[in-house]
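Enquirer: After the structure tokens below, expect a handful of questions from me.
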Amino acid sequence: MTTAHRIWLTPTAHQKLQEELEALQQRTDDNDDSSDQNAEAVRRAQQARIQEIHEILGNATVGEEPPNDGVAEPGMVLTIRYEGSDDTEEFLLGTRGADYGGIEVYSPDSPLGAAIVGAGVGDTRSYELPNGSLQQVTLLSAVPYGLSEA
């Protein structure tokens, strides 16, 4: 994960990431003596997660709610409707890899996230699906996470 943009986190998500980082660093220190191949694979995975957490925390904006202006941006709970159906989906536009409770999270770098960032309520945007077809979505609401019922 290499990102140059600011990452929005709740204070709780920030604290959980810091705790996870400390636990991972402790486990990595505890496992340094093992030369077992499985232990080496685990150590590499832990190091990758440590690096990911460092990048998230290093670019984090913590607890600053975005404006309640109906525009899709990180820190907003979005409700969208998929074109051609009555199906809607609610999700937090935020950072995957941080814990926000039970709400689904889409990154602003994901295809859907990138398409919907900057959209206002009522705007329709499209993004490419893995099969190459385009999916259109309409933004029905955008509410700061702290004001949502998520």
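Ordering of the structure tokens sets the chain letters (A, B, ...), residue numbers begin anew at 1 in every chain, and ligands are numbered from 1 in the order given.
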DSSP says alpha helix (DSSP H) for which residues of region 61-138 of chain A? Put them as a ChimeraX atom specification?
Expert: /A:111-116
Enquirer: As an NGL selection string, please: the residues near region 79-87 of chain A (cut-off 9 Å, only C-alpha atoms, same-chain neighbours under 6 positions excluded).
Expert: :A and (124 or 135-143)
Enquirer: Would you compute the distance between CA of Asp36 (chain A) and CA of Ile50 (chain A)? Give it in Å to one decimal.
Expert: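 About the pair CA of Asp36 (chain A) and CA of Ile50 (chain A): they are 20.7 Å apart.
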Enquirer: Near Ser110 (chain A), within 10 Å and counting only C-alpha atoms, which residues show up once chain neighbours fewer than 5 positions away are dropped, as number ranges by chain?
Expert: A: 93, 96, 115-116, 127
Enquirer: Grab the residues selected above and save them as an mmCIF file, in the first residue's frame with C-alpha atoms.
Expert:
```cif
data_model
loop_
_atom_site.group_PDB
_atom_site.id
_atom_site.type_symbol
_atom_site.label_atom_id
_atom_site.label_comp_id
_atom_site.auth_asym_id
_atom_site.auth_seq_id
_atom_site.Cartn_x
_atom_site.Cartn_y
_atom_site.Cartn_z
ATOM 1 C CA LEU A 93 -15.562 5.448 2.292
ATOM 2 C CA ARG A 96 -9.472 -0.968 4.523
ATOM 3 C CA ALA A 115 -15.637 6.654 -9.138
ATOM 4 C CA ILE A 116 -17.812 8.011 -6.345
ATOM 5 C CA TYR A 127 -16.793 2.218 -12.778
#
```
Enquirer: Identify which of the residues A:Leu112, A:Val105, A:Val117, A:Ile53 lies closest to Glu22 (chain A), counting only C-alpha atoms when measuring atom-to-atom distances.
Expert: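 Looking only at the distances to Glu22 (chain A), the closest residue turns out to be A:Ile53.
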Enquirer: As a ChimeraX atom specification, please: every residue in chain A that DSSP puts in strand (DSSP E or B).
Expert: /A:7-9,60-62,71,76-82,88-93,100,102,105-106,120,124-128,134-144
Enquirer: Can you list, as a JSON list (two decimals) with all heavy atoms, in the first residue's frame, every protein, DNA or RNA residue that comes within 9 Å of Glu65 (chain A) when you count only C-alpha atoms, leaving out same-chain residues fewer than 2 positions away?
Expert:
```json
[["chain", "number", "residue", "atom", "x", "y", "z"],
["A", 8, "TRP", "N", -8.48, 8.96, 6.36],
["A", 8, "TRP", "CA", -9.37, 9.32, 7.44],
["A", 8, "TRP", "C", -9.56, 8.12, 8.35],
["A", 8, "TRP", "O", -9.82, 7.00, 7.89],
["A", 8, "TRP", "CB", -10.71, 9.76, 6.86],
["A", 8, "TRP", "CG", -11.69, 10.12, 7.92],
["A", 8, "TRP", "CD1", -11.83, 11.35, 8.51],
["A", 8, "TRP", "CD2", -12.63, 9.27, 8.55],
["A", 8, "TRP", "NE1", -12.81, 11.29, 9.47],
["A", 8, "TRP", "CE2", -13.33, 10.01, 9.51],
["A", 8, "TRP", "CE3", -12.97, 7.92, 8.39],
["A", 8, "TRP", "CZ2", -14.33, 9.49, 10.30],
["A", 8, "TRP", "CZ3", -13.96, 7.39, 9.18],
["A", 8, "TRP", "CH2", -14.63, 8.17, 10.12],
["A", 10, "THR", "N", -11.26, 7.01, 12.42],
["A", 10, "THR", "CA", -11.88, 7.39, 13.68],
["A", 10, "THR", "C", -10.83, 7.25, 14.78],
["A", 10, "THR", "O", -9.85, 6.51, 14.60],
["A", 10, "THR", "CB", -13.06, 6.46, 14.03],
["A", 10, "THR", "OG1", -12.57, 5.14, 14.23],
["A", 10, "THR", "CG2", -14.13, 6.48, 12.94],
["A", 62, "VAL", "N", -7.06, 11.94, 12.04],
["A", 62, "VAL", "CA", -7.81, 11.21, 13.06],
["A", 62, "VAL", "C", -8.93, 12.07, 13.64],
["A", 62, "VAL", "O", -8.68, 13.16, 14.14],
["A", 62, "VAL", "CB", -6.87, 10.74, 14.19],
["A", 62, "VAL", "CG1", -7.65, 9.96, 15.25],
["A", 62, "VAL", "CG2", -5.75, 9.89, 13.63],
["A", 63, "GLY", "N", -10.15, 11.53, 13.54],
["A", 63, "GLY", "CA", -11.28, 12.12, 14.23],
["A", 63, "GLY", "C", -11.85, 13.40, 13.65],
["A", 63, "GLY", "O", -12.79, 13.94, 14.21],
["A", 67, "PRO", "N", -17.05, 17.63, 6.20],
["A", 67, "PRO", "CA", -18.25, 18.48, 6.27],
["A", 67, "PRO", "C", -19.50, 17.69, 5.88],
["A", 67, "PRO", "O", -19.45, 16.81, 5.03],
["A", 67, "PRO", "CB", -17.96, 19.60, 5.27],
["A", 67, "PRO", "CG", -16.89, 19.08, 4.38],
["A", 67, "PRO", "CD", -16.12, 18.06, 5.17],
["A", 68, "ASN", "N", -20.60, 18.02, 6.49],
["A", 68, "ASN", "CA", -21.88, 17.37, 6.20],
["A", 68, "ASN", "C", -22.53, 18.09, 5.02],
["A", 68, "ASN", "O", -23.55, 18.77, 5.16],
["A", 68, "ASN", "CB", -22.78, 17.41, 7.44],
["A", 68, "ASN", "CG", -24.02, 16.55, 7.27],
["A", 68, "ASN", "OD1", -24.14, 15.78, 6.33],
["A", 68, "ASN", "ND2", -24.95, 16.70, 8.19],
["A", 75, "GLY", "N", -14.40, 9.26, 5.08],
["A", 75, "GLY", "CA", -15.04, 9.57, 6.35],
["A", 75, "GLY", "C", -16.54, 9.70, 6.25],
["A", 75, "GLY", "O", -17.22, 9.92, 7.25],
["A", 76, "MET", "N", -17.07, 9.51, 5.05],
["A", 76, "MET", "CA", -18.51, 9.60, 4.84],
["A", 76, "MET", "C", -19.11, 8.21, 4.69],
["A", 76, "MET", "O", -18.51, 7.32, 4.07],
["A", 76, "MET", "CB", -18.83, 10.40, 3.57],
["A", 76, "MET", "CG", -18.30, 11.82, 3.56],
["A", 76, "MET", "SD", -19.14, 12.90, 4.71],
["A", 76, "MET", "CE", -20.50, 13.45, 3.73],
["A", 144, "PRO", "N", -21.43, 12.21, 7.26],
["A", 144, "PRO", "CA", -20.20, 11.93, 8.03],
["A", 144, "PRO", "C", -20.40, 10.73, 8.95],
["A", 144, "PRO", "O", -21.48, 10.55, 9.54],
["A", 144, "PRO", "CB", -19.98, 13.21, 8.83],
["A", 144, "PRO", "CG", -20.65, 14.27, 8.03],
["A", 144, "PRO", "CD", -21.86, 13.60, 7.43],
["A", 145, "TYR", "N", -19.38, 9.90, 9.08],
["A", 145, "TYR", "CA", -19.45, 8.67, 9.86],
["A", 145, "TYR", "C", -20.00, 8.92, 11.27],
["A", 145, "TYR", "O", -20.85, 8.18, 11.74],
["A", 145, "TYR", "CB", -18.05, 8.06, 9.95],
["A", 145, "TYR", "CG", -17.97, 6.80, 10.79],
["A", 145, "TYR", "CD1", -18.36, 5.57, 10.26],
["A", 145, "TYR", "CD2", -17.52, 6.84, 12.10],
["A", 145, "TYR", "CE1", -18.29, 4.42, 11.02],
["A", 145, "TYR", "CE2", -17.44, 5.69, 12.86],
["A", 145, "TYR", "CZ", -17.83, 4.48, 12.31],
["A", 145, "TYR", "OH", -17.76, 3.34, 13.08],
["A", 146, "GLY", "N", -19.55, 9.97, 11.92],
["A", 146, "GLY", "CA", -19.99, 10.25, 13.28],
["A", 146, "GLY", "C", -21.46, 10.63, 13.38],
["A", 146, "GLY", "O", -22.05, 10.56, 14.46]]
```
Enquirer: With only C-alpha atoms as the basis for distance, which of A:Asn38, A:Leu9, A:Ala60, A:Gln47 is at the shortest distance from Gln26 (chain A)?
Expert: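 Checking each of A:Asn38, A:Leu9, A:Ala60, A:Gln47 against Gln26 (chain A), counting only C-alpha atoms, the winner is A:Gln47.
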Enquirer: Within 9 Å of Leu21 (chain A), counting only C-alpha atoms, which residues show up once you throw out same-chain ones fewer than 3 positions away? Write them as a list in words, please.
Expert: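 Final neighbour list, sorted by chain and number: Lys16, Leu17, Gln18, Leu24, Gln25, Gln26, Arg49, Ile50, Ile53 and His54 of chain A.
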Enquirer: Tell me which of A:Pro108, A:Pro66, A:Gly102, A:Gly132 sits closest to Glu90 (chain A), counting only C-alpha atoms.
Expert: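 That would be A:Gly102, the residue with the smallest distance to Glu90 (chain A).
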Enquirer: Using only C-alpha atoms, can you tell me which of A:Leu78, A:Ala98, A:Thr12, A:Glu64 comes closest to Gly122 (chain A)?
Expert: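 Once distances to Gly122 (chain A) are computed over only C-alpha atoms, the minimum belongs to A:Leu78.
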Enquirer: Using only C-alpha atoms for the distances, tell me which of A:Ala23, A:Leu92, A:Ala72, A:Leu147 is nearest to Glu104 (chain A).
Expert: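 Under the stated criterion, the closest residue is A:Leu92.
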